[in-house]
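Structure file query.cif with mmCIF, C-alpha atoms and all ligand atoms:
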```cif
data_target
loop_
_atom_site.label_atom_id
_atom_site.label_comp_id
_atom_site.auth_asym_id
_atom_site.auth_seq_id
_atom_site.Cartn_x
_atom_site.Cartn_y
_atom_site.Cartn_z
CA MET U 203 50.80 14.71 -161.12
CA LYS U 204 48.05 12.20 -161.70
CA SER U 205 50.03 9.23 -160.40
CA VAL U 206 51.02 11.16 -157.27
CA THR U 207 47.35 11.84 -156.52
CA LYS U 208 46.61 8.16 -156.91
CA ALA U 209 49.49 7.01 -154.76
CA TYR U 210 48.50 9.28 -151.89
CA ARG U 211 44.74 9.01 -151.99
CA PRO U 212 43.66 8.00 -148.52
CA ILE U 213 41.51 4.98 -149.39
CA SER U 214 41.50 1.66 -147.55
CA TRP U 215 39.93 -1.69 -148.37
CA PRO U 216 38.05 -4.08 -146.05
CA MET U 217 40.42 -6.79 -144.88
CA LYS U 218 41.04 -8.93 -141.85
CA GLY U 219 44.06 -7.93 -139.79
CA ALA U 220 43.69 -4.18 -140.35
CA GLY U 221 45.26 -3.76 -136.91
CA GLY U 222 47.90 -6.43 -137.63
CA ASP U 223 48.00 -9.96 -136.22
CA THR U 224 46.20 -8.91 -133.07
CA GLY U 225 46.59 -12.36 -131.52
CA SER U 226 50.04 -11.17 -130.47
CA TRP U 227 48.36 -8.80 -127.98
CA ARG U 228 47.12 -11.75 -125.90
CA THR U 229 48.45 -12.47 -122.44
CA HIS U 230 45.88 -15.25 -121.88
CA ARG U 231 44.41 -17.67 -124.39
CA PRO U 232 40.77 -18.82 -124.27
CA VAL U 233 40.61 -22.61 -124.49
CA VAL U 234 37.29 -24.35 -125.11
CA ASN U 235 36.44 -27.68 -123.51
CA VAL U 236 34.01 -29.05 -126.10
CA GLN U 237 32.83 -31.66 -123.60
CA LEU U 238 31.26 -28.88 -121.51
CA CYS U 239 29.96 -26.80 -124.43
CA ASN U 240 26.18 -26.78 -124.94
CA GLN U 241 26.34 -24.80 -128.22
CA CYS U 242 24.46 -21.82 -126.79
CA GLN U 243 26.42 -19.40 -129.05
CA LEU U 244 26.79 -16.80 -126.28
CA CYS U 245 30.57 -16.67 -126.71
CA TRP U 246 30.06 -16.19 -130.44
CA VAL U 247 27.63 -13.31 -130.03
CA TYR U 248 29.66 -11.42 -127.42
CA CYS U 249 33.15 -11.87 -128.92
CA PRO U 250 34.02 -8.33 -130.07
CA GLU U 251 36.56 -9.70 -132.51
CA ALA U 252 34.31 -12.14 -134.41
CA VAL U 253 36.90 -14.90 -134.02
CA ILE U 254 34.71 -17.67 -132.59
CA ASP U 255 33.07 -20.11 -134.98
CA ARG U 256 29.36 -20.13 -134.29
CA TYR U 257 28.79 -23.89 -134.57
CA GLU U 258 32.17 -25.53 -133.93
CA THR U 259 33.29 -23.04 -131.22
CA ASN U 260 36.76 -22.94 -132.80
CA ILE U 261 38.76 -19.79 -132.05
CA ASP U 262 40.96 -18.00 -134.60
CA TYR U 263 44.05 -17.36 -132.48
CA ARG U 264 45.65 -15.27 -135.18
CA TYR U 265 43.34 -12.41 -134.20
CA CYS U 266 41.82 -13.32 -130.78
CA LYS U 267 42.93 -10.52 -128.42
CA GLY U 268 42.46 -12.60 -125.27
CA CYS U 269 39.96 -10.23 -123.68
CA GLY U 270 38.25 -13.05 -121.77
CA VAL U 271 34.69 -11.88 -122.44
CA CYS U 272 33.84 -15.31 -123.88
CA ALA U 273 35.08 -17.09 -120.73
CA THR U 274 33.16 -14.73 -118.42
CA GLU U 275 29.92 -15.12 -120.38
CA CYS U 276 30.04 -18.88 -121.00
CA PRO U 277 27.25 -20.31 -118.83
CA THR U 278 28.80 -23.79 -118.51
CA GLY U 279 32.39 -22.81 -117.70
CA ALA U 280 33.57 -24.44 -120.93
CA ILE U 281 36.11 -21.70 -121.65
CA SER U 282 39.19 -21.22 -119.51
CA MET U 283 41.80 -18.48 -119.89
CA GLN U 284 45.27 -19.99 -119.92
CA LYS U 285 48.44 -17.95 -119.62
CA GLU U 286 50.37 -17.62 -122.88
CA GLU U 287 53.88 -19.07 -122.80
CA MET S 147 9.40 -11.43 -129.20
CA THR S 148 13.05 -10.45 -129.15
CA THR S 149 15.15 -12.22 -131.78
CA SER S 150 17.08 -15.05 -130.13
CA ILE S 151 20.84 -15.30 -130.48
CA LYS S 152 20.54 -18.45 -132.55
CA ASN S 153 18.40 -16.59 -135.09
CA LEU S 154 20.83 -13.72 -135.66
CA PRO S 155 22.24 -13.69 -139.20
CA ASP S 156 25.76 -14.95 -139.94
CA THR S 157 26.71 -11.65 -141.65
CA GLU S 158 29.95 -10.18 -140.26
CA GLN S 159 30.59 -6.52 -141.11
CA VAL S 160 33.28 -6.10 -138.45
CA LEU S 161 36.43 -7.88 -139.54
CA SER S 162 38.72 -9.77 -137.15
CA GLY S 163 42.07 -8.21 -136.32
CA ASN S 164 40.88 -4.59 -136.24
CA GLY S 165 42.54 -1.93 -134.11
CA ALA S 166 40.11 -1.80 -131.15
CA CYS S 167 41.18 -2.72 -127.61
CA GLY S 168 40.41 -6.27 -126.52
CA GLY S 169 36.88 -6.45 -125.12
CA CYS S 170 35.87 -3.21 -126.86
CA PRO S 171 32.15 -2.57 -126.39
CA ALA S 172 31.96 -0.34 -129.48
CA THR S 173 33.16 -3.14 -131.75
CA MET S 174 30.92 -5.61 -129.94
CA ALA S 175 27.91 -3.39 -130.64
CA LEU S 176 28.92 -2.65 -134.22
CA ARG S 177 29.03 -6.38 -134.99
CA ILE S 178 25.35 -6.69 -134.03
CA VAL S 179 24.47 -3.52 -135.95
CA GLY S 180 26.16 -5.09 -139.00
CA LYS S 181 23.99 -8.16 -138.72
CA ALA S 182 20.90 -5.96 -138.82
CA LEU S 183 21.97 -3.53 -141.54
CA GLY S 184 23.76 -5.97 -143.85
CA PRO S 185 26.33 -4.85 -146.40
CA ASN S 186 24.18 -2.37 -148.36
CA ALA S 187 24.98 0.64 -146.20
CA ILE S 188 27.30 3.63 -146.05
CA MET S 189 29.03 4.48 -142.80
CA LEU S 190 30.14 7.88 -141.53
CA LEU S 191 32.52 8.22 -138.62
CA THR S 192 33.65 11.24 -136.63
CA PRO S 193 37.00 11.16 -134.79
CA SER S 194 36.68 8.50 -132.07
CA CYS S 195 37.85 5.12 -130.88
CA SER S 196 35.90 3.51 -133.70
CA VAL S 197 38.01 5.45 -136.19
CA ALA S 198 41.25 4.39 -134.49
CA SER S 199 39.85 0.84 -134.56
CA MET S 200 39.49 0.88 -138.36
CA GLY S 201 43.13 -0.14 -138.58
CA MET S 202 45.99 1.01 -140.74
CA THR S 203 45.73 2.24 -144.33
CA PRO S 204 45.40 0.53 -146.79
CA LYS S 205 43.42 -1.97 -144.71
CA LEU S 206 40.04 -1.28 -143.17
CA GLY S 207 38.45 -3.27 -140.33
CA TYR S 208 34.81 -2.62 -141.29
CA ASN S 209 33.14 -4.06 -144.35
CA TRP S 210 31.27 -0.94 -145.49
CA PRO S 211 32.16 2.06 -147.60
CA GLY S 212 33.09 4.49 -144.82
CA LEU S 213 33.79 8.19 -144.66
CA ASN S 214 35.90 9.81 -141.95
CA ILE S 215 34.35 13.22 -141.42
CA CYS S 216 34.98 16.26 -139.21
CA PHE S 217 34.01 15.97 -135.57
CA ALA S 218 31.06 18.36 -135.56
CA THR S 219 29.49 17.17 -138.80
CA ALA S 220 27.86 13.74 -138.37
CA GLY S 221 24.37 15.11 -138.97
CA SER S 222 25.18 17.33 -141.93
CA SER S 223 27.54 14.82 -143.59
CA ALA S 224 25.05 11.98 -143.39
CA SER S 225 22.35 14.33 -144.71
CA GLY S 226 24.55 15.23 -147.67
CA VAL S 227 25.16 11.59 -148.53
CA ILE S 228 21.51 10.56 -148.38
CA HIS S 229 20.36 13.61 -150.38
CA ALA S 230 22.89 12.82 -153.11
CA LEU S 231 21.79 9.18 -153.22
CA GLU S 232 18.12 10.11 -153.33
CA VAL S 233 18.71 12.47 -156.26
CA MET S 234 20.72 9.80 -158.10
CA LYS S 235 17.89 7.36 -157.51
CA GLU S 236 15.36 9.84 -158.83
CA LYS S 237 17.42 10.32 -161.98
CA GLY S 238 17.75 6.58 -162.49
CA ARG S 239 21.50 6.65 -161.90
CA LEU S 240 21.48 4.38 -158.85
CA PRO S 241 20.60 0.76 -159.55
CA GLY S 242 19.32 -1.54 -156.79
CA GLU S 243 18.04 -0.72 -153.37
CA LEU S 244 18.88 2.60 -151.69
CA PRO S 245 21.72 1.96 -149.20
CA THR S 246 21.16 2.72 -145.53
CA VAL S 247 23.15 5.80 -144.55
CA PHE S 248 24.30 5.69 -140.95
CA SER S 249 26.63 7.59 -138.65
CA TRP S 250 28.64 5.70 -136.05
CA VAL S 251 29.62 8.29 -133.49
CA GLY S 252 30.78 8.46 -129.88
CA ASP S 253 29.09 10.36 -127.09
CA GLY S 254 31.50 13.27 -127.53
CA GLY S 255 30.53 13.52 -131.19
CA THR S 256 26.85 13.25 -130.34
CA TYR S 257 26.10 14.94 -127.00
CA ASP S 258 28.59 17.77 -127.32
CA ILE S 259 30.45 18.75 -130.43
CA GLY S 260 28.07 17.18 -132.99
CA PHE S 261 24.85 18.27 -131.34
CA GLN S 262 24.04 21.18 -133.63
CA SER S 263 24.37 19.33 -136.94
CA LEU S 264 22.56 16.31 -135.51
CA SER S 265 19.70 18.47 -134.27
CA ALA S 266 19.42 20.07 -137.70
CA ALA S 267 19.34 16.70 -139.48
CA ALA S 268 16.63 15.54 -137.08
CA GLU S 269 14.58 18.68 -137.61
CA ARG S 270 14.77 18.08 -141.39
CA ASN S 271 13.79 14.43 -140.75
CA ASP S 272 16.53 13.28 -143.14
CA ASN S 273 16.50 9.57 -143.92
CA ILE S 274 19.50 8.45 -141.85
CA ILE S 275 20.31 6.47 -138.72
CA HIS S 276 22.50 8.17 -136.13
CA PHE S 277 24.11 5.67 -133.78
CA CYS S 278 25.71 6.98 -130.63
CA TYR S 279 27.90 4.38 -128.95
CA ASN S 280 28.10 5.87 -125.54
CA ASN S 281 31.19 5.06 -123.47
CA GLU S 282 30.44 8.08 -121.28
CA ALA S 283 33.70 9.92 -122.07
CA TYR S 284 36.09 11.02 -124.80
CA SER S 285 37.91 7.70 -124.69
CA ASN S 286 40.08 7.95 -127.78
CA THR S 287 41.97 10.97 -126.48
CA GLY S 288 42.53 9.53 -123.02
CA VAL S 289 39.16 9.75 -121.24
CA GLN S 290 37.99 13.33 -120.81
CA ARG S 291 34.54 14.23 -119.50
CA SER S 292 31.62 14.58 -121.91
CA GLY S 293 27.96 15.53 -121.56
CA ALA S 294 27.33 11.79 -121.19
CA THR S 295 29.68 11.31 -118.24
CA PRO S 296 27.56 10.61 -115.17
CA ARG S 297 27.86 12.58 -111.95
CA GLY S 298 30.57 11.34 -109.60
CA SER S 299 32.71 9.82 -112.32
CA PHE S 300 36.46 10.33 -112.51
CA THR S 301 37.83 11.40 -115.89
CA THR S 302 41.15 13.10 -116.60
CA THR S 303 39.31 16.44 -116.67
CA THR S 304 37.16 15.66 -113.60
CA PRO S 305 39.82 14.30 -111.22
CA THR S 306 37.61 14.75 -108.17
CA GLY S 307 34.49 13.42 -109.91
CA LYS S 308 32.11 15.16 -112.29
CA SER S 309 29.77 17.41 -110.37
CA GLN S 310 26.97 17.62 -112.94
CA PRO S 311 24.57 14.84 -113.99
CA LYS S 312 24.61 13.55 -117.59
CA LYS S 313 21.97 14.79 -120.01
CA ASN S 314 19.23 12.61 -121.45
CA MET S 315 20.29 12.73 -125.09
CA ALA S 316 17.86 10.10 -126.38
CA LEU S 317 14.97 12.08 -124.93
CA LEU S 318 16.28 15.28 -126.53
CA MET S 319 16.25 13.46 -129.87
CA LEU S 320 12.71 12.23 -129.24
CA GLU S 321 11.61 15.83 -128.72
CA HIS S 322 12.65 16.56 -132.31
CA ASN S 323 9.52 14.56 -133.27
CA ILE S 324 11.44 11.98 -135.27
CA PRO S 325 9.87 8.62 -136.16
CA TYR S 326 12.21 6.33 -134.23
CA VAL S 327 14.39 6.63 -131.14
CA ALA S 328 15.84 3.75 -129.13
CA THR S 329 18.36 2.95 -126.42
CA ALA S 330 20.25 -0.34 -126.18
CA THR S 331 23.38 -1.87 -124.72
CA VAL S 332 25.80 -4.68 -125.55
CA ALA S 333 24.53 -7.21 -122.98
CA TYR S 334 21.23 -7.49 -124.89
CA PRO S 335 22.19 -8.20 -128.52
CA GLY S 336 18.74 -9.45 -129.59
CA ASP S 337 17.14 -6.23 -128.35
CA LEU S 338 19.76 -4.15 -130.17
CA TYR S 339 19.36 -6.17 -133.36
CA ASP S 340 15.57 -5.74 -133.42
CA LYS S 341 15.88 -2.01 -132.87
CA VAL S 342 18.33 -1.60 -135.73
CA VAL S 343 16.08 -3.63 -138.06
CA LYS S 344 13.17 -1.36 -137.12
CA ALA S 345 15.26 1.74 -137.77
CA LYS S 346 16.42 0.38 -141.12
CA ASN S 347 12.82 -0.14 -142.21
CA THR S 348 11.57 3.26 -141.02
CA PRO S 349 11.92 6.22 -143.41
CA GLY S 350 13.13 9.51 -141.93
CA MET S 351 15.46 10.28 -139.04
CA LYS S 352 16.33 7.53 -136.57
CA TYR S 353 18.43 7.76 -133.40
CA ILE S 354 19.83 4.74 -131.56
CA GLU S 355 22.06 5.09 -128.53
CA ILE S 356 24.04 2.12 -127.25
CA LEU S 357 25.62 2.13 -123.80
CA ALA S 358 29.17 0.85 -124.30
CA PRO S 359 31.02 0.10 -121.04
CA CYS S 360 34.67 0.81 -121.85
CA TYR S 361 37.06 -1.02 -119.52
CA LEU S 362 39.79 1.52 -120.08
CA GLY S 363 37.76 4.61 -119.27
CA TRP S 364 35.61 3.01 -116.60
CA GLN S 365 38.51 1.10 -115.06
CA PHE S 366 37.30 -2.46 -114.73
CA ASP S 367 38.58 -5.82 -115.97
CA MET S 368 38.04 -6.06 -119.74
CA ALA S 369 36.51 -9.54 -119.44
CA ASP S 370 33.62 -7.90 -117.55
CA THR S 371 32.43 -5.64 -120.38
CA VAL S 372 29.12 -7.49 -120.81
CA GLN S 373 28.65 -7.87 -117.04
CA MET S 374 29.00 -4.12 -116.64
CA SER S 375 26.43 -3.49 -119.34
CA ARG S 376 24.00 -5.85 -117.60
CA MET S 377 24.59 -4.22 -114.21
CA ALA S 378 23.98 -0.78 -115.70
CA VAL S 379 20.52 -1.89 -116.83
CA ARG S 380 19.64 -3.83 -113.67
CA SER S 381 20.55 -0.87 -111.47
CA GLY S 382 18.52 1.52 -113.61
CA ALA S 383 21.65 3.52 -114.48
CA TRP S 384 20.77 2.72 -118.11
CA LEU S 385 17.17 2.43 -119.29
CA LEU S 386 16.15 0.37 -122.31
CA TRP S 387 13.33 2.00 -124.25
CA GLU S 388 12.19 2.81 -127.75
CA ALA S 389 9.76 5.31 -129.21
CA GLU S 390 7.90 4.67 -132.44
CA ASN S 391 6.30 7.87 -133.70
CA GLY S 392 6.66 9.43 -130.30
CA ASN S 393 5.11 6.59 -128.28
CA ILE S 394 7.55 5.32 -125.67
CA SER S 395 7.68 1.69 -124.59
CA PHE S 396 10.18 0.07 -122.23
CA ASN S 397 12.06 -3.14 -122.96
CA ASN S 398 13.14 -5.90 -120.61
CA PRO S 399 14.71 -5.84 -118.07
CA THR S 400 13.90 -2.11 -117.75
CA ALA S 401 10.11 -2.53 -118.16
CA PRO S 402 9.42 -4.12 -114.73
CA ILE S 403 11.61 -1.49 -113.05
CA ILE S 404 9.61 1.32 -114.65
CA ASN S 405 6.19 -0.13 -113.92
CA GLY S 406 7.10 -0.88 -110.32
CA LYS S 407 6.94 -4.69 -110.59
CA LYS S 408 10.60 -5.02 -109.68
CA ASP S 409 13.04 -2.81 -107.80
CA ALA S 410 16.20 -1.71 -109.56
CA ALA S 411 19.34 -3.14 -107.98
CA PRO S 412 21.04 -0.62 -105.66
CA VAL S 413 23.60 1.33 -107.65
CA GLU S 414 26.41 0.77 -105.14
CA GLU S 415 27.45 -2.63 -106.46
CA TYR S 416 27.66 -1.24 -110.02
CA LEU S 417 29.72 1.75 -108.87
CA MET S 418 32.10 -0.26 -106.73
CA LYS S 419 33.07 -2.46 -109.67
CA GLN S 420 34.41 0.56 -111.57
CA GLY S 421 37.60 2.42 -110.74
CA ARG S 422 36.19 5.66 -112.18
CA PHE S 423 33.74 5.73 -109.23
CA ASN S 424 35.24 3.62 -106.49
CA ARG S 425 38.54 5.54 -106.40
CA LEU S 426 36.48 8.50 -105.15
CA LEU S 427 34.26 6.50 -102.81
CA LYS S 428 36.76 6.01 -100.02
CA GLY S 429 36.45 9.08 -97.82
CA SER S 430 33.84 10.12 -95.27
CA ASP S 431 31.62 11.59 -98.00
CA ALA S 432 31.29 8.25 -99.83
CA GLN S 433 27.70 7.59 -98.75
CA GLN S 434 26.64 11.10 -99.72
CA ARG S 435 28.25 10.70 -103.16
CA ILE S 436 26.51 7.38 -103.72
CA ALA S 437 23.20 8.91 -102.61
CA GLU S 438 23.66 11.70 -105.16
CA ILE S 439 24.24 9.21 -107.97
CA GLN S 440 21.29 7.12 -106.81
CA GLY S 441 19.23 10.31 -106.77
CA ASP S 442 20.05 11.00 -110.44
CA ILE S 443 19.00 7.45 -111.37
CA ASP S 444 15.76 7.63 -109.39
CA ARG S 445 14.92 10.95 -111.01
CA GLU S 446 15.46 9.57 -114.53
CA ILE S 447 13.29 6.53 -113.80
CA ALA S 448 10.50 8.70 -112.40
CA PHE S 449 10.77 11.18 -115.24
CA MET S 450 10.76 8.58 -118.03
CA ARG S 451 7.83 6.75 -116.40
CA GLU S 452 5.76 9.93 -116.53
CA ARG S 453 7.01 11.04 -119.96
CA ALA S 454 5.96 7.67 -121.40
CA LYS S 455 2.37 8.32 -120.33
CA ILE S 456 2.14 11.18 -122.82
CA SER S 457 1.20 9.87 -126.23
CA ILE S 458 -0.42 12.32 -128.57
C1 LIG O 1 37.50 19.25 -133.93
C2 LIG O 1 38.27 18.21 -133.21
N1 LIG O 1 38.53 18.35 -131.89
C3 LIG O 1 39.19 17.39 -131.22
C4 LIG O 1 39.62 16.26 -131.85
C5 LIG O 1 40.41 15.21 -131.07
N2 LIG O 1 39.63 14.01 -130.79
C6 LIG O 1 39.73 12.92 -131.58
S1 LIG O 1 38.80 11.61 -131.04
C7 LIG O 1 38.26 12.50 -129.71
C8 LIG O 1 37.36 11.88 -128.69
C9 LIG O 1 36.04 11.46 -129.22
O1 LIG O 1 35.17 11.12 -128.16
P1 LIG O 1 33.83 10.34 -128.49
O2 LIG O 1 33.09 11.01 -129.58
O3 LIG O 1 33.09 10.14 -127.21
O4 LIG O 1 34.35 8.94 -129.04
P2 LIG O 1 35.26 7.87 -128.23
O5 LIG O 1 36.68 8.28 -128.43
O6 LIG O 1 34.86 7.90 -126.81
O7 LIG O 1 35.00 6.57 -128.90
C10 LIG O 1 38.81 13.81 -129.72
C11 LIG O 1 38.56 14.83 -128.69
C12 LIG O 1 39.37 16.14 -133.23
N3 LIG O 1 39.76 15.06 -133.93
N4 LIG O 1 38.69 17.11 -133.89
S1 LIG O 2 39.19 -13.86 -125.65
FE1 LIG O 2 37.98 -12.13 -126.49
S2 LIG O 2 38.69 -11.98 -128.64
FE2 LIG O 2 39.34 -14.01 -127.88
S3 LIG O 2 37.68 -15.37 -128.46
FE3 LIG O 2 37.24 -14.71 -126.37
S4 LIG O 2 35.88 -12.94 -126.62
FE4 LIG O 2 36.87 -13.31 -128.62
S1 LIG O 3 29.36 -19.88 -124.38
FE1 LIG O 3 30.27 -21.80 -123.61
S2 LIG O 3 28.59 -23.28 -123.80
FE2 LIG O 3 28.00 -21.53 -125.05
S3 LIG O 3 28.75 -22.05 -127.12
FE3 LIG O 3 30.37 -20.88 -126.11
S4 LIG O 3 31.73 -22.42 -125.20
FE4 LIG O 3 29.79 -23.43 -125.69
S1 LIG O 4 39.22 2.83 -125.13
FE1 LIG O 4 37.27 1.77 -124.77
S2 LIG O 4 35.89 2.32 -126.46
FE2 LIG O 4 38.01 2.86 -127.04
S3 LIG O 4 38.77 1.12 -128.23
FE3 LIG O 4 39.38 0.80 -126.07
S4 LIG O 4 37.70 -0.39 -125.14
FE4 LIG O 4 36.94 0.46 -127.09
MG MG O 5 33.02 8.43 -126.00
#
```

Just give me the structure of the file as structure tokens.
Amino acid sequence: MKSVTKAYRPISWPMKGAGGDTGSWRTHRPVVNVQLCNQCQLCWVYCPEAVIDRYETNIDYRYCKGCGVCATECPTGAISMQKEE
Amino acid sequence: MTTSIKNLPDTEQVLSGNGACGGCPATMALRIVGKALGPNAIMLLTPSCSVASMGMTPKLGYNWPGLNICFATAGSSASGVIHALEVMKEKGRLPGELPTVFSWVGDGGTYDIGFQSLSAAAERNDNIIHFCYNNEAYSNTGVQRSGATPRGSFTTTTPTGKSQPKKNMALLMLEHNIPYVATATVAYPGDLYDKVVKAKNTPGMKYIEILAPCYLGWQFDMADTVQMSRMAVRSGAWLLWEAENGNISFNNPTAPIINGKKDAAPVEEYLMKQGRFNRLLKGSDAQQRIAEIQGDIDREIAFMRERAKISI
């Protein structure tokens, strides 16, 4: 009985991708034009998914859901939402 | 001075690839809360979007020990956890610093079904933080009305618009004489961060409510989540304030609206951006409906202005 209890105990562990590779949900992809970026970090702070690098403004497309919040909030227009192929 | 974005810690307690909708305001808020609380905390969640967002067993999208508890029990469950920890500490069985015990609960779990146990925890002044992320409906089950749904709003259980105003839950918590109460919203992350740090460093019961504009329930474009949060504050539909030991102060940009230095933006623009309101604002009674909603906002502003003058 012991092993059954263990197998079925409802415990999870902190891990990226708990909802799967959520990048597959995207219809539009945020693309950063580093030339226009002033490093204000607004996109970083508002990204619900924590996929934007704070200093390099790189985006982790494996998990970015394509919500577009970063593009709307960017004060310099450095982020554009481009349709996924 | 509010902490600037560049001075927020790197700590990430919300992990990428969780189960929340794109643009989710609850996750957005929880990320900032995580920066303020750090990893030494225990999280309690009642059934809600934030539970669905945790992801699929055996993976978990939040980097805290978390307990999924029954809907009505946020207050009593969090009390149980902190009492156990405090006893362990007393007996020398808990090394290191006492973890922060916090509940992360929706408006349904706070205003309605969890109200009794929350009120009891507040009356006992138990050493916990209760967060209410308020998306103004029961979103996880398909957007039903809650006590936080504002008048005039469409939900699946108020198809012609809710006819009652929302209640002022933060004020009800303040009237439990607890040491710290605050309101916040996702557009102002520095303000939210500072409030959570204050709560973390205050012993006793703390209540923080975060307005969380949910694109799905409110029916707007998900990219506008932060815009909607900003418009809520600028129109006075959401007031930013905090109360330390019962003394209320207002935070920017609410402060100039309260003290009469600046007019709140008319609510119409905010309403028209959201399908939950604008779908009902088409007929001949549209102006009267808007006036009713504006009336609720004006009343709250006037009431909170006067309530803040009482400090005993
Ligand atoms: C006792 C009980 N009643 C009903 C439910 C179904 N239920 C699960 S989540 C939810 C909605 C929760 O609303 P809220 O607390 O506002 O959180 P949100 O979903 O909006 O994030 C409901 C009704 C339940 N799990 N338990
Ligand atoms: S689209 Fe959304 S999830 Fe993707 S980087 Fe921008 S804010 Fe983050
Ligand atoms: S919001 Fe725009 S300008 Fe600011 S860091 Fe992000 S990409 Fe750069
Ligand atoms: S329905 Fe709203 S609150 Fe719930 S996960 Fe989606 S965006 Fe977040
Ligand atoms: Mg809700």

*asked:* Distance limit 8 Å, reference ligand MG 5 (chain O), atoms considered: only C-alpha atoms and all ligand atoms. Which residues make the cut? Give them as a ChimeraX atom specification.
replied: /S:194-195,252-255,279-286,289,292

Write the residues you've just listed into a file as a short mmCIF file (atom, residue, chain, number, x, y, z; two decimals), keeping the file's coordinate frame, and include C-alpha atoms for each of them.
```
data_model
loop_
_atom_site.label_atom_id
_atom_site.label_comp_id
_atom_site.auth_asym_id
_atom_site.auth_seq_id
_atom_site.Cartn_x
_atom_site.Cartn_y
_atom_site.Cartn_z
CA SER S 194 36.68 8.50 -132.07
CA CYS S 195 37.85 5.12 -130.88
CA GLY S 252 30.78 8.46 -129.88
CA ASP S 253 29.09 10.36 -127.09
CA GLY S 254 31.50 13.27 -127.53
CA GLY S 255 30.53 13.52 -131.19
CA TYR S 279 27.90 4.38 -128.95
CA ASN S 280 28.10 5.87 -125.54
CA ASN S 281 31.19 5.06 -123.47
CA GLU S 282 30.44 8.08 -121.28
CA ALA S 283 33.70 9.92 -122.07
CA TYR S 284 36.09 11.02 -124.80
CA SER S 285 37.91 7.70 -124.69
CA ASN S 286 40.08 7.95 -127.78
CA VAL S 289 39.16 9.75 -121.24
CA SER S 292 31.62 14.58 -121.91
#
```

*Contact set, chain U to chain S: 7 Å, only C-alpha atoms, as a PyMOL selection string*: chain U and resi 213-224+243+248-253+265+267-271+274

*asked:* Here's a test: counting all atoms listed in the file, identify every protein, DNA and RNA residue with an atom at most 8 Å from (26.1, 12.5, -141.1) in the file's coordinate frame, and state them as a ChimeraX atom specification.
replied: /S:190,219-227,248-249,264,274,276

*Could you check which of S:Arg239, S:Arg297, S:Lys341, S:Arg270 is closest to Asn397 of chain S, using all atoms listed in the file?*
S:Lys341

_Selected residue, from U:Pro277, U:Pro232, U:Ser282, U:Asn260, that lies nearest to ligand LIG 2 (chain O) when counting only C-alpha atoms and all ligand atoms_ =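 Smallest distance to ligand LIG 2 (chain O) is found for U:Pro232.
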
*Hey, which of S:Ala454, S:Val342, S:Ile356, S:Leu417 ends up closest to ligand LIG 4 (chain O)? Count all atoms listed in the file.*
S:Ile356

*How far is it from atom CA of Gly392 of chain S to atom CA of Ile404 of chain S, in Å with one decimal?*
17.9 Å
